[in-house]
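Visitor: To be precise about what I am sending: the file is called run22.txt and holds compact mmCIF, C-alpha atoms.
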```
# COMPACT_ATOMS: atom_id res chain seq x y z
CA MET A 1 77.45 81.71 85.09
CA GLY A 2 75.08 80.85 82.29
CA SER A 3 74.49 78.39 79.49
CA ASN A 4 76.40 78.39 76.20
CA GLY A 5 75.61 81.49 74.17
CA SER A 6 74.03 83.36 77.07
CA GLY A 7 76.44 86.30 76.74
CA LYS A 8 79.18 85.65 79.27
CA THR A 9 81.98 86.40 76.83
CA THR A 10 80.18 89.47 75.49
CA LEU A 11 79.77 90.81 79.02
CA LEU A 12 83.44 90.27 79.85
CA ARG A 13 84.58 91.81 76.58
CA CYS A 14 82.48 94.89 77.29
CA LEU A 15 84.05 95.16 80.73
CA ALA A 16 87.50 94.78 79.23
CA GLY A 17 86.85 97.51 76.71
CA ILE A 18 86.81 95.47 73.51
CA PRO A 19 86.28 96.81 70.91
CA GLN A 20 85.90 100.29 72.41
CA ALA A 21 89.13 102.15 72.94
CA VAL A 22 88.71 102.71 76.65
CA SER A 23 87.32 100.13 79.03
CA ALA A 24 84.14 101.01 80.83
CA ILE A 25 85.71 100.17 84.17
CA GLU A 26 88.95 101.99 83.63
CA LYS A 27 86.96 105.07 82.69
CA VAL A 28 84.86 105.01 85.82
CA GLU A 29 87.15 103.65 88.50
CA GLY A 30 90.67 104.20 87.23
CA LEU A 31 91.33 100.54 88.07
CA SER A 32 94.14 98.60 86.46
CA GLN A 33 92.85 95.44 84.83
CA SER A 34 94.15 92.28 83.26
CA TYR A 35 92.10 90.28 80.81
CA VAL A 36 92.41 86.63 79.76
CA GLY A 37 89.88 85.76 77.10
CA HIS A 38 88.93 82.58 75.30
CA LEU A 39 92.09 82.94 73.26
CA ASN A 40 95.34 82.92 75.19
CA ALA A 41 96.99 85.79 73.29
CA LEU A 42 100.34 84.00 73.45
CA LYS A 43 102.83 83.62 70.59
CA LEU A 44 103.37 79.97 69.75
CA SER A 45 106.89 80.47 68.40
CA LEU A 46 108.19 82.24 71.52
CA THR A 47 109.15 80.54 74.76
CA VAL A 48 107.03 80.79 77.89
CA ARG A 49 109.48 83.22 79.44
CA GLN A 50 109.64 85.49 76.36
CA ASN A 51 105.86 85.59 76.10
CA LEU A 52 105.40 86.64 79.70
CA LEU A 53 108.25 89.17 79.63
CA GLN A 54 106.85 90.84 76.51
CA GLN A 55 103.34 91.04 77.81
CA THR A 56 103.64 92.01 81.43
CA GLY A 57 106.58 94.32 81.99
CA ALA A 58 107.60 92.11 84.94
CA THR A 59 111.28 91.48 85.61
CA PRO A 60 112.83 88.12 84.57
CA VAL A 61 113.20 87.16 88.24
CA GLN A 62 109.52 87.80 88.93
CA VAL A 63 108.55 85.70 85.91
CA ILE A 64 110.63 82.74 87.04
CA GLN A 65 109.42 82.99 90.64
CA THR A 66 105.78 83.10 89.60
CA LEU A 67 106.26 80.20 87.20
CA ALA A 68 107.94 78.23 89.98
CA THR A 69 105.03 78.74 92.37
CA ARG A 70 102.74 77.31 89.69
CA GLY A 71 105.01 74.35 89.07
CA LEU A 72 105.76 75.58 85.56
CA ALA A 73 109.43 76.51 86.03
CA SER A 74 110.65 73.57 83.96
CA LEU A 75 108.65 74.88 80.98
CA ALA A 76 110.10 78.40 81.05
CA ASP A 77 112.41 77.98 78.08
CA ARG A 78 110.22 75.76 75.96
CA PRO A 79 108.51 77.26 72.91
CA LEU A 80 104.82 77.57 73.55
CA LYS A 81 103.89 75.34 70.63
CA THR A 82 105.49 72.34 72.36
CA LEU A 83 103.14 72.73 75.35
CA SER A 84 99.79 71.07 75.74
CA VAL A 85 96.60 73.15 75.52
CA GLY A 86 96.15 72.97 79.29
CA GLN A 87 99.72 74.09 79.93
CA GLN A 88 99.27 77.01 77.52
CA ARG A 89 96.17 78.02 79.43
CA GLN A 90 98.13 77.91 82.68
CA VAL A 91 100.76 80.22 81.19
CA ALA A 92 98.04 82.66 80.10
CA LEU A 93 96.62 82.65 83.62
CA THR A 94 100.10 83.33 85.05
CA ARG A 95 99.89 86.66 83.22
CA LEU A 96 97.17 87.76 85.64
CA SER A 97 99.42 87.62 88.69
CA LEU A 98 102.40 89.09 86.84
CA SER A 99 100.44 92.06 85.51
CA GLY A 100 99.98 93.41 89.05
CA ALA A 101 96.47 94.53 88.07
CA LYS A 102 93.81 95.00 90.72
CA LEU A 103 90.99 93.64 88.61
CA TRP A 104 91.14 90.29 86.83
CA LEU A 105 88.75 89.62 83.98
CA VAL A 106 88.83 85.95 83.04
CA ASP A 107 86.69 84.16 80.50
CA GLU A 108 86.16 80.50 81.41
CA ALA A 109 89.37 80.32 83.39
CA THR A 110 89.38 76.61 84.05
CA THR A 111 88.76 75.37 80.51
CA HIS A 112 91.38 72.73 79.57
CA LEU A 113 92.86 72.72 83.09
CA ASP A 114 93.28 69.46 84.98
CA GLU A 115 92.03 69.05 88.53
CA ALA A 116 95.29 70.05 90.22
CA ALA A 117 95.71 73.15 88.07
CA THR A 118 92.09 74.14 88.64
CA THR A 119 92.49 73.88 92.42
CA GLN A 120 95.70 75.86 92.17
CA PHE A 121 93.99 78.62 90.16
CA TRP A 122 91.22 78.95 92.75
CA GLY A 123 93.95 79.21 95.40
CA THR A 124 95.73 81.96 93.49
CA LEU A 125 92.45 83.77 92.96
CA GLU A 126 91.59 83.62 96.63
CA ALA A 127 95.01 85.00 97.57
CA HIS A 128 94.49 87.83 95.05
CA LEU A 129 91.07 88.63 96.54
CA ASN A 130 92.46 88.55 100.08
CA THR A 131 95.09 91.14 99.17
CA GLY A 132 92.50 93.65 98.04
CA GLY A 133 92.06 92.52 94.45
CA ALA A 134 88.86 91.94 92.55
CA ALA A 135 87.89 89.57 89.76
CA VAL A 136 85.09 89.00 87.29
CA LEU A 137 85.02 85.45 85.94
CA SER A 138 82.77 83.51 83.69
CA SER A 139 82.53 79.85 84.50
CA HIS A 140 80.61 76.66 83.82
CA ILE A 141 81.55 75.11 87.13
CA PRO A 142 80.69 76.51 90.57
CA VAL A 143 83.36 78.88 91.88
CA PRO A 144 84.56 77.64 95.29
CA ILE A 145 85.10 81.13 96.70
CA PRO A 146 83.05 82.02 99.77
CA ASP A 147 80.78 85.05 99.32
CA ALA A 148 81.42 85.27 95.56
CA LYS A 149 78.51 86.99 93.83
CA VAL A 150 77.02 84.77 91.13
CA ILE A 151 75.15 86.30 88.22
CA ILE A 152 73.28 83.82 86.04
CA LEU A 153 72.77 85.00 82.47
CA HIS A 154 69.78 83.81 80.49
CA GLY A 155 70.74 85.02 77.03
CA MET B 156 105.12 99.77 78.62
CA ASP B 157 105.38 99.25 74.87
CA SER B 158 106.87 102.15 72.98
CA LEU B 159 107.03 102.23 69.20
CA THR B 160 110.69 101.21 69.03
CA SER B 161 110.36 98.33 71.48
CA GLN B 162 107.37 97.02 69.54
CA ILE B 163 109.32 97.22 66.29
CA ARG B 164 112.20 95.35 67.93
CA GLN B 165 109.86 92.61 69.14
CA ASN B 166 108.23 92.36 65.71
CA LEU B 167 111.59 92.14 63.93
CA TYR B 168 112.60 89.30 66.23
CA HIS B 169 109.36 87.46 65.54
CA ASN B 170 109.06 85.39 62.37
CA PRO B 171 111.96 87.05 60.49
CA GLN B 172 111.76 84.80 57.43
CA SER B 173 108.22 85.86 56.53
CA VAL B 174 109.12 88.09 53.55
CA VAL B 175 112.06 86.14 52.13
CA HIS B 176 109.95 84.26 49.60
CA VAL B 177 108.38 87.40 48.09
CA LEU B 178 111.81 89.05 47.85
CA LEU B 179 113.06 85.98 45.98
CA VAL B 180 110.07 86.17 43.62
CA PHE B 181 110.87 89.83 42.95
CA ILE B 182 114.55 89.18 42.27
CA SER B 183 113.97 86.14 40.08
CA LEU B 184 111.36 87.92 37.94
CA VAL B 185 113.64 90.92 37.40
CA VAL B 186 116.54 88.60 36.54
CA ALA B 187 114.32 86.59 34.17
CA PHE B 188 113.28 89.78 32.41
CA GLY B 189 116.92 90.85 32.21
CA VAL B 190 117.95 87.55 30.62
CA LEU B 191 115.04 87.59 28.16
CA SER B 192 115.74 91.15 27.04
CA SER B 193 119.54 90.80 26.95
CA ASN B 194 119.52 91.13 23.17
CA HIS B 195 117.20 94.12 23.24
CA PRO B 196 118.62 96.88 25.45
CA ALA B 197 115.91 99.28 24.28
CA LEU B 198 113.23 96.92 25.52
CA TRP B 199 114.98 96.68 28.92
CA GLN B 200 115.18 100.48 29.12
CA ALA B 201 111.55 100.96 28.14
CA PHE B 202 109.92 98.39 30.36
CA LEU B 203 112.19 98.36 33.40
CA PRO B 204 110.42 101.12 35.42
CA THR B 205 107.03 99.54 34.84
CA LEU B 206 108.36 96.15 35.78
CA LEU B 207 110.10 97.36 38.95
CA MET B 208 107.23 99.39 40.34
CA GLY B 209 104.51 96.98 39.23
CA LEU B 210 106.34 94.08 40.82
CA SER B 211 106.96 96.11 43.98
CA TYR B 212 103.25 96.72 44.29
CA GLY B 213 102.57 93.03 43.66
CA VAL B 214 104.98 91.64 46.23
CA ILE B 215 104.04 94.20 48.88
CA SER B 216 100.32 93.43 48.51
CA LEU B 217 100.90 89.70 48.44
CA SER B 218 102.99 89.74 51.60
CA LEU B 219 100.71 92.02 53.58
CA ASP B 220 97.72 89.79 53.81
CA GLN B 221 99.09 88.12 56.97
CA LEU B 222 100.08 91.42 58.65
CA PHE B 223 97.47 91.39 61.44
CA ARG B 224 96.05 87.89 61.01
CA GLU B 225 98.20 86.02 63.51
CA ASP B 226 97.55 88.58 66.26
CA TRP B 227 93.87 88.52 65.42
CA GLU B 228 93.61 84.74 65.53
CA ASP B 229 95.62 84.09 68.68
CA GLY B 230 93.88 86.80 70.71
CA THR B 231 96.85 89.19 70.97
CA LEU B 232 94.90 91.99 69.33
CA GLU B 233 91.99 91.53 71.73
CA TRP B 234 94.37 91.46 74.67
CA ARG B 235 96.14 94.65 73.54
CA MET B 236 92.82 96.40 73.35
CA SER B 237 91.84 95.21 76.83
CA GLU B 238 95.12 96.63 78.13
CA GLY B 239 94.15 99.99 76.68
CA GLN B 240 97.28 100.08 74.51
CA SER B 241 97.34 102.51 71.61
CA LEU B 242 96.25 100.78 68.43
CA GLU B 243 97.78 103.56 66.34
CA ILE B 244 101.26 102.77 67.70
CA TYR B 245 100.63 99.06 67.28
CA VAL B 246 99.62 99.57 63.63
CA LEU B 247 102.57 101.88 62.96
CA ALA B 248 105.00 99.39 64.51
CA LYS B 249 103.61 96.56 62.36
CA ILE B 250 103.85 98.64 59.19
CA LEU B 251 107.34 99.98 59.87
CA THR B 252 108.60 96.48 60.67
CA HIS B 253 107.22 95.22 57.40
CA TRP B 254 108.73 98.13 55.52
CA ILE B 255 112.15 97.58 57.12
CA ARG B 256 112.00 93.94 56.08
CA LEU B 257 110.60 94.34 52.58
CA GLY B 258 110.42 98.01 51.54
CA ILE B 259 114.05 98.85 52.26
CA PRO B 260 115.47 95.77 50.45
CA LEU B 261 113.19 96.55 47.47
CA THR B 262 114.41 100.16 47.43
CA GLY B 263 117.99 98.89 47.58
CA ILE B 264 117.45 96.51 44.65
CA ILE B 265 115.74 99.19 42.56
CA GLY B 266 118.57 101.59 43.37
CA LEU B 267 121.12 98.95 42.40
CA ILE B 268 119.45 98.31 39.05
CA SER B 269 119.09 102.00 38.27
CA GLY B 270 122.75 102.54 39.23
CA PHE B 271 122.18 104.81 42.26
CA GLU B 272 122.00 107.76 39.92
CA SER B 273 120.33 110.15 42.30
CA LEU B 274 119.48 110.27 45.97
CA PRO B 275 116.03 111.84 45.42
CA LEU B 276 115.17 108.90 43.20
CA LEU B 277 115.99 106.47 46.00
CA LEU B 278 114.13 108.54 48.57
CA GLY B 279 111.16 108.69 46.21
CA VAL B 280 111.14 104.92 45.77
CA ALA B 281 111.46 104.48 49.53
CA ALA B 282 108.49 106.82 50.03
CA THR B 283 106.48 104.87 47.48
CA THR B 284 107.20 101.47 49.01
CA LEU B 285 106.20 102.89 52.40
CA SER B 286 103.00 104.37 50.93
CA LEU B 287 102.16 101.04 49.31
CA THR B 288 102.78 99.25 52.64
CA LEU B 289 100.50 101.71 54.46
CA LEU B 290 97.84 101.26 51.81
CA GLY B 291 98.12 97.48 51.91
CA ALA B 292 97.86 97.53 55.70
CA ILE B 293 94.43 99.17 55.45
CA GLY B 294 93.34 96.42 53.07
CA SER B 295 94.84 93.80 55.37
CA ALA B 296 92.93 95.14 58.38
CA LEU B 297 89.70 95.31 56.39
CA CYS B 298 90.13 91.74 55.11
CA LEU B 299 90.60 90.23 58.58
CA THR B 300 87.06 89.02 58.95
CA ALA B 301 86.87 87.69 55.40
CA LYS B 302 86.99 83.91 55.42
CA ALA B 303 87.94 83.52 51.76
CA ASN B 304 91.50 83.65 50.49
CA THR B 305 92.40 87.27 51.12
CA SER B 306 95.65 87.24 49.14
CA ILE B 307 93.51 87.82 46.03
CA LEU B 308 91.02 90.18 47.68
CA LEU B 309 93.65 92.51 49.09
CA PRO B 310 95.36 93.59 45.83
CA LEU B 311 91.93 94.06 44.26
CA LEU B 312 90.85 96.30 47.11
CA THR B 313 93.95 98.50 47.11
CA LEU B 314 94.70 98.59 43.36
CA PRO B 315 92.69 101.75 42.55
CA PHE B 316 94.59 103.70 45.21
CA GLY B 317 97.95 102.11 44.50
CA ILE B 318 97.91 102.96 40.79
CA PRO B 319 98.61 106.70 41.15
CA MET B 320 101.56 105.92 43.42
CA ILE B 321 102.92 103.38 40.94
CA ILE B 322 102.50 105.74 37.97
CA VAL B 323 104.38 108.58 39.66
CA SER B 324 107.18 106.24 40.72
CA MET B 325 107.44 104.67 37.27
CA ALA B 326 107.89 108.12 35.80
CA ALA B 327 110.51 108.93 38.43
CA VAL B 328 112.49 105.74 37.83
CA SER B 329 112.42 106.21 34.05
CA ASP B 330 113.64 109.80 34.37
CA PRO B 331 116.06 109.87 37.32
CA THR B 332 117.57 113.26 36.46
CA ALA B 333 114.24 115.03 36.88
CA ALA B 334 113.42 113.22 40.08
CA LEU B 335 114.14 115.99 42.54
CA SER B 336 111.93 118.69 41.15
CA SER B 337 108.62 117.12 40.38
CA TYR B 338 108.29 113.45 41.20
CA PHE B 339 109.78 113.46 44.64
CA THR B 340 107.35 116.15 45.76
CA LEU B 341 104.45 114.08 44.46
CA GLN B 342 105.72 110.88 46.06
CA GLY B 343 106.19 112.65 49.38
CA GLY B 344 102.71 114.13 49.17
CA LEU B 345 101.16 110.74 48.46
CA LEU B 346 103.07 109.31 51.42
CA MET B 347 101.63 111.98 53.72
CA ILE B 348 98.10 111.17 52.54
CA ALA B 349 98.75 107.45 53.04
CA VAL B 350 100.03 108.02 56.60
CA ALA B 351 97.01 110.12 57.54
CA VAL B 352 94.45 107.76 56.02
CA CYS B 353 96.14 104.61 57.32
CA LEU B 354 96.43 105.75 60.92
CA THR B 355 92.72 106.56 60.94
CA ALA B 356 91.41 103.64 58.92
CA CYS B 357 93.55 100.78 60.27
CA PRO B 358 92.69 101.07 63.99
CA TYR B 359 89.06 101.56 63.03
CA ALA B 360 89.07 98.44 60.85
CA LEU B 361 90.79 96.45 63.60
CA ARG B 362 88.15 97.49 66.15
CA LEU B 363 85.47 96.54 63.65
CA SER B 364 87.04 93.11 63.19
CA LEU B 365 86.67 92.37 66.92
CA ARG B 366 82.99 93.18 67.11
```
Could I get this file's structure written as structure tokens?
Guide:
Amino acid sequence: MGSNGSGKTTLLRCLAGIPQAVSAIEKVEGLSQSYVGHLNALKLSLTVRQNLLQQTGATPVQVIQTLATRGLASLADRPLKTLSVGQQRQVALTRLSLSGAKLWLVDEATTHLDEAATTQFWGTLEAHLNTGGAAVLSSHIPVPIPDAKVIILHG
Amino acid sequence: MDSLTSQIRQNLYHNPQSVVHVLLVFISLVVAFGVLSSNHPALWQAFLPTLLMGLSYGVISLSLDQLFREDWEDGTLEWRMSEGQSLEIYVLAKILTHWIRLGIPLTGIIGLISGFESLPLLLGVAATTLSLTLLGAIGSALCLTAKANTSILLPLLTLPFGIPMIIVSMAAVSDPTAALSSYFTLQGGLLMIAVAVCLTACPYALRLSLR
């Protein structure tokens, strides 16, 4: 956590290996990682399904199942540009689960999300942590995960 | 996950109409010149190579300024880097897609106008359009962080390096019978230099743009 401009994004980008070629973490731990930054990295002209298939290497069935558990199944064939900002963010976060990565790096995950979607994301995150995953998040709101380590940046 | 061919396929599927307008500009200018010089065949003969290669350079530079911009703005580039994907393959896929869409049609049109007189001539023109695309891609990557209108900046940046390629190709188009011996070798050599420089400079410029 930390105030605006305190370096949360910079820290996460360093962890994700941007702009260096190899991520610091990958180099040391050999961990697979999945990064969702400020920008969603989704193509507006493609549908939700196409975006996720291109980016994650998951099978079409996996994509639909994961979308269904998030309540996004009805959006699967809609072009991304017809979705609201919050829905686009939800699609970007779906990429985390689909990537199968052990480590999630998420920059201000809950920005633009409504209350239900926020709760759902914390639920997904907790399930990921309980199955041996790890995550580094930056956030402006308290993270409701028991024994999460909080680092406060002061710029 | 993403090999070169699968990336090219994805790119081709995405935004396929992006180069149609520059192709139309190219065709209409050549046709206009043809109509204007219809009474002066000598003029047509003398200026055609210059016109074809000069215009090729112009339309390739003009169309390249958006090559990496969308991926840069929507975060795709950043995400690719975080995934540890090879930027060299990404750059190559972008360039080859652009060349398939614009370079090959241009080569076809130039071949059509020059009457398909020799295969080396066509290969030489194809090599030149690919070299110009590679060169423009470096400019495009370097211009990413520029806020001003980069469609003017990019041709200015690449012009000094594009001119030798254009000159050699103009000579080749104006003298198709001699193409095999001298010009094609030069065009191929310039292409090799462009490949080597581009695959070093482009990924570096892209990393720089994300700092």
Visitor: Give me, as a PyMOL selection string, all polymer residues having an atom no more than 10 Å from stretch 185-191 of chain B, counting only C-alpha atoms and skipping those fewer than 3 positions away in the same chain.
Guide: chain B and resi 179-182+194-196+198-199+202-203+206-207+210+264-265+268
Visitor: Please check the contacts: residues of chain A at most 6 Å away from chain B, using all atoms listed in the file, listed as an MDAnalysis selection string.
Guide: chainID A and resid 16:17 19 39 41
Visitor: May I ask for the distance between atom CA of B:Val246 and atom CA of B:Thr262, given in Å to one decimal place?
Guide: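 About the pair atom CA of B:Val246 and atom CA of B:Thr262: they are 21.9 Å apart.
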Visitor: So that I can see what lies close to stretch 253-260 of chain B, please list as JSON, numbers by chain the residues with an atom at most 10 Å from it, counting only C-alpha atoms and leaving out residues fewer than 2 positions away in the same chain.
Guide: {"B": [163, 166, 167, 171, 172, 173, 174, 175, 177, 178, 211, 214, 215, 218, 219, 222, 247, 248, 249, 250, 251, 262, 263, 264, 265, 266, 280, 281, 282, 283, 284, 285, 286, 287, 288, 289, 292]}
Visitor: So the first atom is atom CA of A:Ser97 and the second is atom CA of A:Thr66; what is the distance between them in Å, to one decimal place?
Guide: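 Rounded to one decimal, the two atoms are 7.9 Å apart.
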Visitor: Using all atoms listed in the file, which residues sit within 7 Å of A:Asp107 once same-chain residues fewer than 6 positions away are excluded, as a list of chain:residue names?
Guide: A:Thr9, A:Leu12, A:Val36, A:Gly37, A:His38, A:Leu137, A:Ser138
Visitor: Report as number ranges by chain all protein, DNA and RNA residues lying within 12 Å of A:Asn4, evaluated on all atoms listed in the file, omitting residues in the same chain fewer than 6 positions from it.
Guide: A: 10, 108, 138-140, 152-155
Visitor: Kindly write stretch 36-132 of chain A with C-alpha atoms to a file, as a short mmCIF file (atom, residue, chain, number, x, y, z; two decimals), in the first residue's frame.
Guide:
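Contents of result.cif, freshly written:
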```cif
data_model
loop_
_atom_site.label_atom_id
_atom_site.label_comp_id
_atom_site.auth_asym_id
_atom_site.auth_seq_id
_atom_site.Cartn_x
_atom_site.Cartn_y
_atom_site.Cartn_z
CA VAL A 36 -1.90 -7.45 -14.74
CA GLY A 37 -0.82 -3.83 -14.81
CA HIS A 38 -2.66 -0.54 -14.87
CA LEU A 39 -3.43 -1.18 -18.51
CA ASN A 40 -5.45 -4.28 -19.27
CA ALA A 41 -3.38 -5.39 -22.29
CA LEU A 42 -6.56 -6.52 -24.07
CA LYS A 43 -7.46 -5.87 -27.71
CA LEU A 44 -10.63 -3.81 -27.98
CA SER A 45 -11.61 -5.18 -31.38
CA LEU A 46 -11.43 -8.84 -30.34
CA THR A 47 -14.04 -10.67 -28.32
CA VAL A 48 -13.49 -11.64 -24.69
CA ARG A 49 -12.97 -15.26 -25.67
CA GLN A 50 -10.44 -14.45 -28.43
CA ASN A 51 -8.47 -12.18 -26.13
CA LEU A 52 -8.15 -14.80 -23.42
CA LEU A 53 -7.37 -17.63 -25.86
CA GLN A 54 -4.59 -15.62 -27.50
CA GLN A 55 -3.01 -14.57 -24.26
CA THR A 56 -3.13 -17.60 -22.03
CA GLY A 57 -2.72 -20.78 -24.03
CA ALA A 58 -5.74 -22.20 -22.16
CA THR A 59 -8.20 -24.43 -24.00
CA PRO A 60 -11.57 -22.96 -25.13
CA VAL A 61 -13.37 -25.11 -22.55
CA GLN A 62 -11.20 -23.77 -19.73
CA VAL A 63 -11.84 -20.21 -20.86
CA ILE A 64 -15.61 -20.66 -20.86
CA GLN A 65 -15.60 -22.46 -17.50
CA THR A 66 -13.52 -19.77 -15.85
CA LEU A 67 -15.68 -17.02 -17.35
CA ALA A 68 -18.78 -18.82 -16.08
CA THR A 69 -17.46 -18.99 -12.52
CA ARG A 70 -16.98 -15.22 -12.66
CA GLY A 71 -20.45 -14.64 -14.05
CA LEU A 72 -18.99 -13.38 -17.32
CA ALA A 73 -20.08 -16.23 -19.60
CA SER A 74 -22.70 -14.11 -21.33
CA LEU A 75 -19.97 -11.66 -22.41
CA ALA A 76 -17.70 -14.28 -24.00
CA ASP A 77 -18.52 -13.44 -27.59
CA ARG A 78 -18.87 -9.70 -27.24
CA PRO A 79 -16.11 -7.47 -28.59
CA LEU A 80 -14.19 -5.94 -25.73
CA LYS A 81 -14.99 -2.39 -26.80
CA THR A 82 -18.69 -2.94 -26.04
CA LEU A 83 -17.88 -3.77 -22.39
CA SER A 84 -17.76 -1.29 -19.56
CA VAL A 85 -14.40 -0.37 -18.00
CA GLY A 86 -15.17 -2.49 -14.94
CA GLN A 87 -16.08 -5.50 -17.07
CA GLN A 88 -12.87 -5.11 -19.07
CA ARG A 89 -10.93 -5.10 -15.83
CA GLN A 90 -12.69 -8.30 -14.76
CA VAL A 91 -11.67 -9.96 -18.03
CA ALA A 92 -8.05 -8.91 -17.48
CA LEU A 93 -8.15 -10.40 -13.99
CA THR A 94 -9.57 -13.66 -15.40
CA ARG A 95 -6.25 -13.99 -17.23
CA LEU A 96 -4.54 -14.57 -13.87
CA SER A 97 -6.42 -17.79 -13.15
CA LEU A 98 -6.20 -19.00 -16.75
CA SER A 99 -2.45 -18.49 -16.97
CA GLY A 100 -1.86 -21.22 -14.38
CA ALA A 101 1.00 -19.13 -12.96
CA LYS A 102 2.10 -19.59 -9.37
CA LEU A 103 2.78 -15.93 -8.75
CA TRP A 104 0.27 -13.18 -9.49
CA LEU A 105 1.48 -9.61 -9.83
CA VAL A 106 -1.46 -7.22 -9.86
CA ASP A 107 -1.38 -3.46 -9.93
CA GLU A 108 -4.43 -1.94 -8.21
CA ALA A 109 -6.57 -4.97 -8.89
CA THR A 110 -9.86 -3.58 -7.71
CA THR A 111 -9.83 -0.28 -9.61
CA HIS A 112 -13.13 0.15 -11.53
CA LEU A 113 -14.62 -2.99 -9.97
CA ASP A 114 -18.01 -2.85 -8.26
CA GLU A 115 -18.54 -4.27 -4.79
CA ALA A 116 -19.63 -7.73 -5.93
CA ALA A 117 -16.74 -8.09 -8.35
CA THR A 118 -14.28 -6.90 -5.72
CA THR A 119 -15.52 -9.49 -3.21
CA GLN A 120 -15.35 -12.12 -5.91
CA PHE A 121 -11.74 -11.20 -6.75
CA TRP A 122 -10.69 -11.49 -3.10
CA GLY A 123 -12.38 -14.91 -3.06
CA THR A 124 -10.48 -16.04 -6.15
CA LEU A 125 -7.25 -14.71 -4.70
CA GLU A 126 -7.77 -16.56 -1.45
CA ALA A 127 -8.46 -19.81 -3.31
CA HIS A 128 -5.25 -19.26 -5.32
CA LEU A 129 -3.25 -18.70 -2.13
CA ASN A 130 -4.77 -21.76 -0.48
CA THR A 131 -3.66 -23.95 -3.38
CA GLY A 132 -0.03 -22.98 -2.95
#
```
